[in-house]
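Trainee: Structure provided below as structure tokens; questions to follow.
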Amino acid sequence: MTTPIDTTGSAGPAETGPAPAAAPVKKIEGRSPGRIAWDRLKRDKVALAGGVVVMLLILVALFAPVLTALLGHPVDEPHPDQINPELGLPNHPFGGMSSDFLLGVDPTFGRDVFSRIVYGARISLGVAFSAAALSLLIGVVLGVAAGYFGGWIDAAISRVMDILLAFPQLLFSIALVSVMPPSLLGVDGSFLRMGILVVVIGFFGWPYIGRIVRGQALSLREREFVDAARSLGAGPGHILLRELLPNLVAPILVYTTLIIPTNILSEAALSFLGAGVKPPTPSWGQMLSQATKIYQVDPTYMVVPGLAIFITVLAFNLFGDGLRDALDPKGN
């Protein structure tokens with residue numbers, strides 16, 4: 001009997017099952033600079049905590065009327081029954097803290113400190129953000145112009161920066177407030193004072209960001225992509241707006257988050273010295289000034305606004321430092 005010959009060329013038994021499927025190849029996805037910065041920022045828990053506090057403070061300032069209605073009392077409503085007429089101090093300990101007055105009452109009129117702190121956040125953050133926006137606008141425009149054009153333009157802008165950095169901002173602010181009329185262009189009272197604070201703090205703050213932007217622009221104008229744009233016939237306006245400014249977003253964003261706490265301290269200092277908003281409009285610096293008269297017998301009224309300023313400035317600084325590390329890790 002003849003054995004059939006295997007013509008398939010296989011020495012072993014024939015395979016009956018399907019071939020194993022190849023392992024799927026993982027697709028490589030590119031990440032944008034913003035995504036990379038966000039991944040770095042997420043690893044910095046301290047900076048994230050500072051950012052959360054900053055967002056909460058902004059929400060508190062925006063929803064001040066709602067919070068006051070739910071947890072406090074009208075901001076200017078006096079409560080003389082909460083004050084001991086003989087001692088001139090709150091009836092309850094720790095500045096009059098109770099279930100009705102969470103942070104106590106002010107020793108002069110018995111007004112709710114919680115409501116005044118919440119509305120004071122509006123003043124401090126409003127002035128700080130507005131002044132930062134003004135500083136940002138002037139500093140970026142003049143800094144980019146000085147760095148890109150150079151020559152006499154750079155020399156003139158740099159000398160103006162030096163003069164403003166040496167100018168006594170605090171004394172000028174006090175003098176300006178003292179000579180301002182009660183009403184200007186239909187604006188009066190606390191709104192006029194807030195406008196003066198924004199203009200003074202913002203105008204004297206732009207040289208700091210102007211110097212940073214100028215230094216970055218000096219470096220960027222020698223880069224290849226600027227030379228390529230210039231060789232293709234691009235004008236100064238196109239190069240400034242399309243080539244330089246997009247590459248300056250990171251340092252501008254970082255410095256903005258760092259200048260806001262400085263503005264908060266400046267507003268508090270001016271309000272403490274009487275150059276801020278007028279009473280009865282609440283302000284953290286104004287509350288500290290009023291507390292200097294009684295802090296020896298009742299320090300609570302000084303501690304509460306002091307903690308508000310401390311927490312706010314610390315949160316902005318922590319978030320700003322983390323943002324700087326995320327956007328420019330090689331700059332540390």
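Residue numbering restarts at 1 for every chain of the structure tokens, chains are lettered A, B, ... in their displayed order, and ligands are numbered from 1 as they appear.
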Let's see if you can do this: from backbone DSSP, list all strand (DSSP E or B) residues in range 126-323 of chain A, as a CSV table (one decimal) with C-alpha atoms, in the first residue's frame.
Mentor:
```csv
chain,number,residue,atom,x,y,z
A,183,SER,CA,-16.8,114.8,41.5
A,184,LEU,CA,-15.1,114.4,38.2
A,187,VAL,CA,-18.2,110.2,38.9
A,188,ASP,CA,-18.0,110.8,42.6
```
Trainee: Write out as a compact mmCIF listing (two decimals) with N, CA, C and O atoms, in the first residue's frame the residues lying within 8 Å of range 100-108 of chain A, counting only C-alpha atoms and excluding same-chain residues fewer than 5 positions away.
Mentor:
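Output file result-v1.txt is given in full below:
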```
# COMPACT_ATOMS: atom_id res chain seq x y z
N LEU A 71 -25.77 84.37 54.50
CA LEU A 71 -24.96 84.12 55.69
C LEU A 71 -24.69 85.35 56.53
O LEU A 71 -24.07 85.24 57.60
N GLY A 72 -25.08 86.51 56.05
CA GLY A 72 -24.74 87.73 56.78
C GLY A 72 -25.90 88.69 56.88
O GLY A 72 -27.07 88.30 56.83
N GLN A 82 -25.44 94.92 69.55
CA GLN A 82 -24.30 94.01 69.65
C GLN A 82 -23.09 94.67 70.32
O GLN A 82 -22.07 94.00 70.51
N ILE A 83 -23.20 95.97 70.66
CA ILE A 83 -22.08 96.71 71.23
C ILE A 83 -22.39 97.08 72.67
O ILE A 83 -23.50 97.53 72.99
N GLY A 88 -17.68 100.11 74.70
CA GLY A 88 -17.45 100.35 73.28
C GLY A 88 -16.90 99.15 72.57
O GLY A 88 -16.20 99.29 71.56
N LEU A 89 -17.20 97.94 73.05
CA LEU A 89 -16.71 96.69 72.47
C LEU A 89 -17.88 95.76 72.23
O LEU A 89 -18.95 95.91 72.83
N PRO A 90 -17.73 94.78 71.34
CA PRO A 90 -18.81 93.81 71.11
C PRO A 90 -19.16 93.04 72.37
O PRO A 90 -18.32 92.80 73.24
N PHE A 94 -14.33 87.33 71.07
CA PHE A 94 -13.73 87.20 69.74
C PHE A 94 -14.40 88.16 68.75
O PHE A 94 -14.79 87.77 67.65
N GLY A 95 -14.50 89.41 69.15
CA GLY A 95 -15.03 90.42 68.24
C GLY A 95 -16.50 90.32 67.99
O GLY A 95 -16.98 90.87 66.99
N VAL A 113 -19.08 91.98 60.15
CA VAL A 113 -17.74 91.91 59.58
C VAL A 113 -17.70 90.96 58.38
O VAL A 113 -16.98 91.19 57.41
N PHE A 114 -18.48 89.88 58.43
CA PHE A 114 -18.51 88.95 57.30
C PHE A 114 -18.94 89.66 56.02
O PHE A 114 -18.32 89.50 54.96
N TYR A 301 -10.84 92.24 65.27
CA TYR A 301 -11.21 93.09 64.14
C TYR A 301 -10.01 93.39 63.24
O TYR A 301 -10.18 93.72 62.07
N VAL A 304 -9.06 89.51 61.33
CA VAL A 304 -9.91 89.00 60.23
C VAL A 304 -9.53 89.63 58.89
O VAL A 304 -9.24 88.91 57.92
```
Trainee: For range 245-261 of chain A, find every residue with an atom within 7 Å (counting only C-alpha atoms), except residues of its own chain fewer than 4 positions away, and show them as a compact mmCIF listing (two decimals) with all heavy atoms, in the first residue's frame.
Mentor:
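What landed in result-v1.txt:
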```txt
# COMPACT_ATOMS: atom_id res chain seq x y z
N ALA A 128 -7.30 95.50 41.88
CA ALA A 128 -6.10 94.76 41.50
C ALA A 128 -6.16 94.28 40.06
O ALA A 128 -5.20 94.43 39.30
CB ALA A 128 -5.90 93.58 42.45
N PHE A 129 -7.29 93.71 39.65
CA PHE A 129 -7.41 93.21 38.28
C PHE A 129 -7.43 94.36 37.27
O PHE A 129 -6.81 94.26 36.19
CB PHE A 129 -8.67 92.36 38.13
CG PHE A 129 -8.50 90.93 38.57
CD1 PHE A 129 -8.86 90.53 39.84
CD2 PHE A 129 -7.96 89.99 37.71
CE1 PHE A 129 -8.71 89.22 40.24
CE2 PHE A 129 -7.79 88.68 38.09
CZ PHE A 129 -8.16 88.29 39.38
N ALA A 132 -3.96 95.76 37.00
CA ALA A 132 -3.11 94.81 36.27
C ALA A 132 -3.38 94.87 34.77
O ALA A 132 -2.45 94.79 33.96
CB ALA A 132 -3.32 93.40 36.79
N ILE A 209 6.50 95.08 34.00
CA ILE A 209 6.22 94.15 32.91
C ILE A 209 6.83 94.65 31.61
O ILE A 209 7.19 93.86 30.74
CB ILE A 209 4.69 93.93 32.76
CG1 ILE A 209 4.43 92.76 31.82
CG2 ILE A 209 3.99 95.19 32.26
CD1 ILE A 209 2.98 92.32 31.81
N LEU A 240 5.15 92.22 14.79
CA LEU A 240 4.83 92.44 16.20
C LEU A 240 3.62 91.64 16.64
O LEU A 240 3.62 91.02 17.71
CB LEU A 240 4.59 93.93 16.45
CG LEU A 240 5.81 94.86 16.35
CD1 LEU A 240 5.40 96.31 16.52
CD2 LEU A 240 6.85 94.50 17.40
N LEU A 241 2.57 91.64 15.80
CA LEU A 241 1.32 91.00 16.19
C LEU A 241 1.31 89.50 15.94
O LEU A 241 0.71 88.74 16.71
CB LEU A 241 0.15 91.64 15.42
CG LEU A 241 -0.12 93.12 15.74
CD1 LEU A 241 -1.23 93.65 14.85
CD2 LEU A 241 -0.48 93.30 17.21
N LEU A 265 -1.89 94.46 47.69
CA LEU A 265 -1.18 95.07 48.80
C LEU A 265 -1.12 96.58 48.65
O LEU A 265 -1.22 97.32 49.65
CB LEU A 265 0.23 94.49 48.91
CG LEU A 265 0.33 93.02 49.35
CD1 LEU A 265 1.77 92.54 49.31
CD2 LEU A 265 -0.25 92.84 50.74
N VAL A 313 -3.16 87.10 48.98
CA VAL A 313 -1.84 87.32 48.39
C VAL A 313 -1.06 86.02 48.29
O VAL A 313 -0.40 85.74 47.28
CB VAL A 313 -1.06 88.37 49.21
CG1 VAL A 313 0.37 88.50 48.71
CG2 VAL A 313 -1.76 89.73 49.12
N PHE A 316 -2.42 83.83 45.33
CA PHE A 316 -1.98 84.33 44.03
C PHE A 316 -0.50 84.04 43.80
O PHE A 316 -0.09 83.68 42.69
CB PHE A 316 -2.26 85.83 43.91
CG PHE A 316 -3.63 86.16 43.40
CD1 PHE A 316 -4.62 86.58 44.25
CD2 PHE A 316 -3.92 86.05 42.05
CE1 PHE A 316 -5.89 86.88 43.78
CE2 PHE A 316 -5.18 86.35 41.56
CZ PHE A 316 -6.17 86.77 42.43
N ASN A 317 0.33 84.22 44.82
CA ASN A 317 1.76 83.97 44.67
C ASN A 317 2.05 82.50 44.42
O ASN A 317 2.89 82.15 43.57
CB ASN A 317 2.51 84.46 45.91
CG ASN A 317 2.67 85.96 45.94
OD1 ASN A 317 2.74 86.61 44.90
ND2 ASN A 317 2.72 86.53 47.13
N GLY A 320 0.90 81.73 40.91
CA GLY A 320 1.80 82.35 39.94
C GLY A 320 3.13 81.62 39.83
O GLY A 320 3.66 81.44 38.73
N LEU A 323 2.54 78.40 37.97
CA LEU A 323 2.31 78.66 36.54
C LEU A 323 3.62 78.98 35.84
O LEU A 323 3.85 78.56 34.70
CB LEU A 323 1.32 79.81 36.40
CG LEU A 323 0.78 80.08 34.99
CD1 LEU A 323 0.00 78.89 34.47
CD2 LEU A 323 -0.10 81.33 34.99
N ARG A 324 4.50 79.72 36.50
CA ARG A 324 5.80 80.02 35.91
C ARG A 324 6.61 78.75 35.71
O ARG A 324 7.26 78.56 34.66
CB ARG A 324 6.55 80.99 36.82
CG ARG A 324 7.96 81.34 36.32
CD ARG A 324 8.67 82.19 37.33
NE ARG A 324 8.73 81.52 38.63
CZ ARG A 324 9.04 82.15 39.76
NH1 ARG A 324 9.31 83.43 39.77
NH2 ARG A 324 9.10 81.45 40.88
N LEU A 327 5.08 76.79 32.68
CA LEU A 327 5.27 77.37 31.36
C LEU A 327 6.73 77.50 30.96
O LEU A 327 7.06 77.49 29.78
CB LEU A 327 4.61 78.76 31.30
CG LEU A 327 3.07 78.77 31.40
CD1 LEU A 327 2.58 80.21 31.47
CD2 LEU A 327 2.46 78.06 30.20
```
Trainee: Give me the residues of range 264-330 of chain A that have any atom at most 9 Å from an atom of range 169-182 of chain A; for each, the nearest atom pair and the distance in Å, rounded to one decimal. Use only C-alpha atoms, sort by chain and number, and format it as CSV.
Mentor:
```
residue,atom,partner,partner_atom,distance
A:Ser266,CA,A:Leu170,CA,8.4
A:Ala269,CA,A:Leu170,CA,8.6
A:Leu270,CA,A:Leu170,CA,7.3
A:Leu273,CA,A:Ile174,CA,8.1
A:Gly274,CA,A:Ile174,CA,8.0
A:Ala275,CA,A:Ile174,CA,5.5
A:Gly276,CA,A:Val177,CA,8.3
```
Trainee: Please provide the set of residues having any atom within 9 Å of Gly143 in chain A, restricted to only C-alpha atoms, with same-chain residues fewer than 4 positions apart removed, written as a list in words.
Mentor: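 Within the cut-off, the hits are Ile138, Gly139, Gly147, Tyr148, Asp154, Ile157, Ser158, Pro207, Ile209, Gly210, Arg211, Ile212, Val213, Arg214, Gly215, Gln216 and Ala217 of chain A.
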Trainee: With N, CA, C and O atoms retained, could you export that selection as an mmCIF file, in the first residue's frame?
Mentor:
```
data_model
loop_
_atom_site.group_PDB
_atom_site.id
_atom_site.type_symbol
_atom_site.label_atom_id
_atom_site.label_comp_id
_atom_site.auth_asym_id
_atom_site.auth_seq_id
_atom_site.Cartn_x
_atom_site.Cartn_y
_atom_site.Cartn_z
ATOM 1 N N ILE A 138 -0.199 98.893 28.810
ATOM 2 C CA ILE A 138 0.878 99.853 28.558
ATOM 3 C C ILE A 138 2.222 99.140 28.480
ATOM 4 O O ILE A 138 3.044 99.410 27.587
ATOM 5 N N GLY A 139 2.477 98.221 29.409
ATOM 6 C CA GLY A 139 3.773 97.554 29.452
ATOM 7 C C GLY A 139 4.054 96.703 28.227
ATOM 8 O O GLY A 139 5.177 96.698 27.710
ATOM 9 N N GLY A 147 11.797 96.787 22.520
ATOM 10 C CA GLY A 147 12.645 95.650 22.205
ATOM 11 C C GLY A 147 12.816 95.405 20.722
ATOM 12 O O GLY A 147 13.895 94.996 20.276
ATOM 13 N N TYR A 148 11.778 95.653 19.926
ATOM 14 C CA TYR A 148 11.863 95.347 18.499
ATOM 15 C C TYR A 148 12.553 96.461 17.710
ATOM 16 O O TYR A 148 13.435 96.190 16.890
ATOM 17 N N ASP A 154 13.932 102.726 21.927
ATOM 18 C CA ASP A 154 14.278 101.928 23.100
ATOM 19 C C ASP A 154 14.867 102.808 24.201
ATOM 20 O O ASP A 154 14.532 102.657 25.384
ATOM 21 N N ILE A 157 11.975 104.995 25.848
ATOM 22 C CA ILE A 157 11.067 104.204 26.695
ATOM 23 C C ILE A 157 11.783 103.694 27.934
ATOM 24 O O ILE A 157 11.218 103.690 29.044
ATOM 25 N N SER A 158 13.046 103.298 27.792
ATOM 26 C CA SER A 158 13.800 102.801 28.943
ATOM 27 C C SER A 158 14.018 103.895 29.980
ATOM 28 O O SER A 158 13.950 103.641 31.194
ATOM 29 N N PRO A 207 6.076 99.677 34.192
ATOM 30 C CA PRO A 207 7.502 99.485 33.877
ATOM 31 C C PRO A 207 8.039 98.105 34.233
ATOM 32 O O PRO A 207 8.978 97.619 33.583
ATOM 33 N N ILE A 209 6.495 95.079 34.003
ATOM 34 C CA ILE A 209 6.215 94.148 32.910
ATOM 35 C C ILE A 209 6.828 94.647 31.615
ATOM 36 O O ILE A 209 7.193 93.858 30.737
ATOM 37 N N GLY A 210 6.972 95.976 31.479
ATOM 38 C CA GLY A 210 7.609 96.513 30.281
ATOM 39 C C GLY A 210 9.046 96.050 30.140
ATOM 40 O O GLY A 210 9.506 95.750 29.034
ATOM 41 N N ARG A 211 9.755 95.993 31.250
ATOM 42 C CA ARG A 211 11.142 95.529 31.200
ATOM 43 C C ARG A 211 11.236 94.057 30.805
ATOM 44 O O ARG A 211 12.112 93.662 30.032
ATOM 45 N N ILE A 212 10.341 93.246 31.349
ATOM 46 C CA ILE A 212 10.355 91.820 31.015
ATOM 47 C C ILE A 212 10.044 91.610 29.538
ATOM 48 O O ILE A 212 10.727 90.851 28.841
ATOM 49 N N VAL A 213 9.008 92.292 29.039
ATOM 50 C CA VAL A 213 8.626 92.142 27.635
ATOM 51 C C VAL A 213 9.726 92.679 26.727
ATOM 52 O O VAL A 213 10.022 92.088 25.677
ATOM 53 N N ARG A 214 10.350 93.779 27.113
ATOM 54 C CA ARG A 214 11.434 94.341 26.302
ATOM 55 C C ARG A 214 12.585 93.345 26.184
ATOM 56 O O ARG A 214 13.133 93.133 25.092
ATOM 57 N N GLY A 215 12.974 92.720 27.295
ATOM 58 C CA GLY A 215 14.065 91.749 27.242
ATOM 59 C C GLY A 215 13.727 90.547 26.374
ATOM 60 O O GLY A 215 14.577 90.068 25.604
ATOM 61 N N GLN A 216 12.493 90.061 26.474
ATOM 62 C CA GLN A 216 12.086 88.939 25.631
ATOM 63 C C GLN A 216 12.040 89.331 24.158
ATOM 64 O O GLN A 216 12.432 88.559 23.273
ATOM 65 N N ALA A 217 11.555 90.543 23.885
ATOM 66 C CA ALA A 217 11.482 91.001 22.491
ATOM 67 C C ALA A 217 12.873 91.182 21.890
ATOM 68 O O ALA A 217 13.084 90.903 20.701
#
```
Trainee: Just list as a count of residues only whatever in range 80-308 of chain A DSSP marks as alpha helix (DSSP H).
Mentor: 152
Trainee: Calculate how many Å separate CA of Arg230 in chain A from CA of Phe149 in chain A, rounding to one decimal.
Mentor: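 Result for CA of Arg230 in chain A versus CA of Phe149 in chain A: 13.3 Å, one decimal.
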Trainee: Which residues are close to Val198 in chain A, i.e. within 7 Å by only C-alpha atoms, leaving aside same-chain residues fewer than 6 positions away? Reply as a CSV table (one decimal) with N, CA and C atoms, in the first residue's frame.
Mentor:
```csv
chain,number,residue,atom,x,y,z
A,127,VAL,N,-9.9,96.5,42.0
A,127,VAL,CA,-8.8,97.4,41.8
A,127,VAL,C,-7.6,96.7,41.3
A,130,SER,N,-8.1,95.4,37.6
A,130,SER,CA,-8.2,96.6,36.7
A,130,SER,C,-6.8,97.2,36.5
A,131,ALA,N,-6.1,97.4,37.6
A,131,ALA,CA,-4.8,98.0,37.5
A,131,ALA,C,-3.8,97.1,36.8
```
Trainee: From the options A:Gly205, A:Gly233, A:Gly110, A:Gly306, which residue's atoms come nearest to His73 in chain A, counting only C-alpha atoms?
Mentor: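 Looking only at the distances to His73 in chain A, the closest residue turns out to be A:Gly110.
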Trainee: Which value, in Å to one decimal, gives the distance between CA of His92 in chain A and CA of Leu56 in chain A?
Mentor: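 A separation of 29.1 Å between them.
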Trainee: Using only C-alpha atoms, find the one residue out of A:Pro80, A:Gly50, A:Pro85, A:Gly126 that sits nearest to Asp112 in chain A.
Mentor: A:Pro80
Trainee: Using only C-alpha atoms, which of the listed residues (A:Val140, A:Val54, A:Phe109, A:Ala308) sits closest to Asn84 in chain A?
Mentor: A:Phe109
Trainee: Counting only C-alpha atoms, which residues of range 22-117 of chain A sit at most 10 Å from some atom of range 282-289 of chain A, and what is each one's closest atom pair with its distance in Å to one decimal, listed by chain and rising residue number, as CSV?
Mentor:
```
residue,atom,partner,partner_atom,distance
A:Val75,CA,A:Pro282,CA,8.2
A:Asp76,CA,A:Pro282,CA,8.8
A:Asp106,CA,A:Met287,CA,8.8
A:Val113,CA,A:Met287,CA,9.3
A:Ser115,CA,A:Pro282,CA,8.9
A:Arg116,CA,A:Pro282,CA,5.5
A:Ile117,CA,A:Trp284,CA,6.9
```
Trainee: Select, from A:Arg223, A:Tyr208, A:Val118, A:Ala145, the residue with the minimum atom-to-atom distance to Ala166 in chain A, counting only C-alpha atoms.
Mentor: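 Using only C-alpha atoms, Ala166 in chain A sits closest to A:Tyr208.
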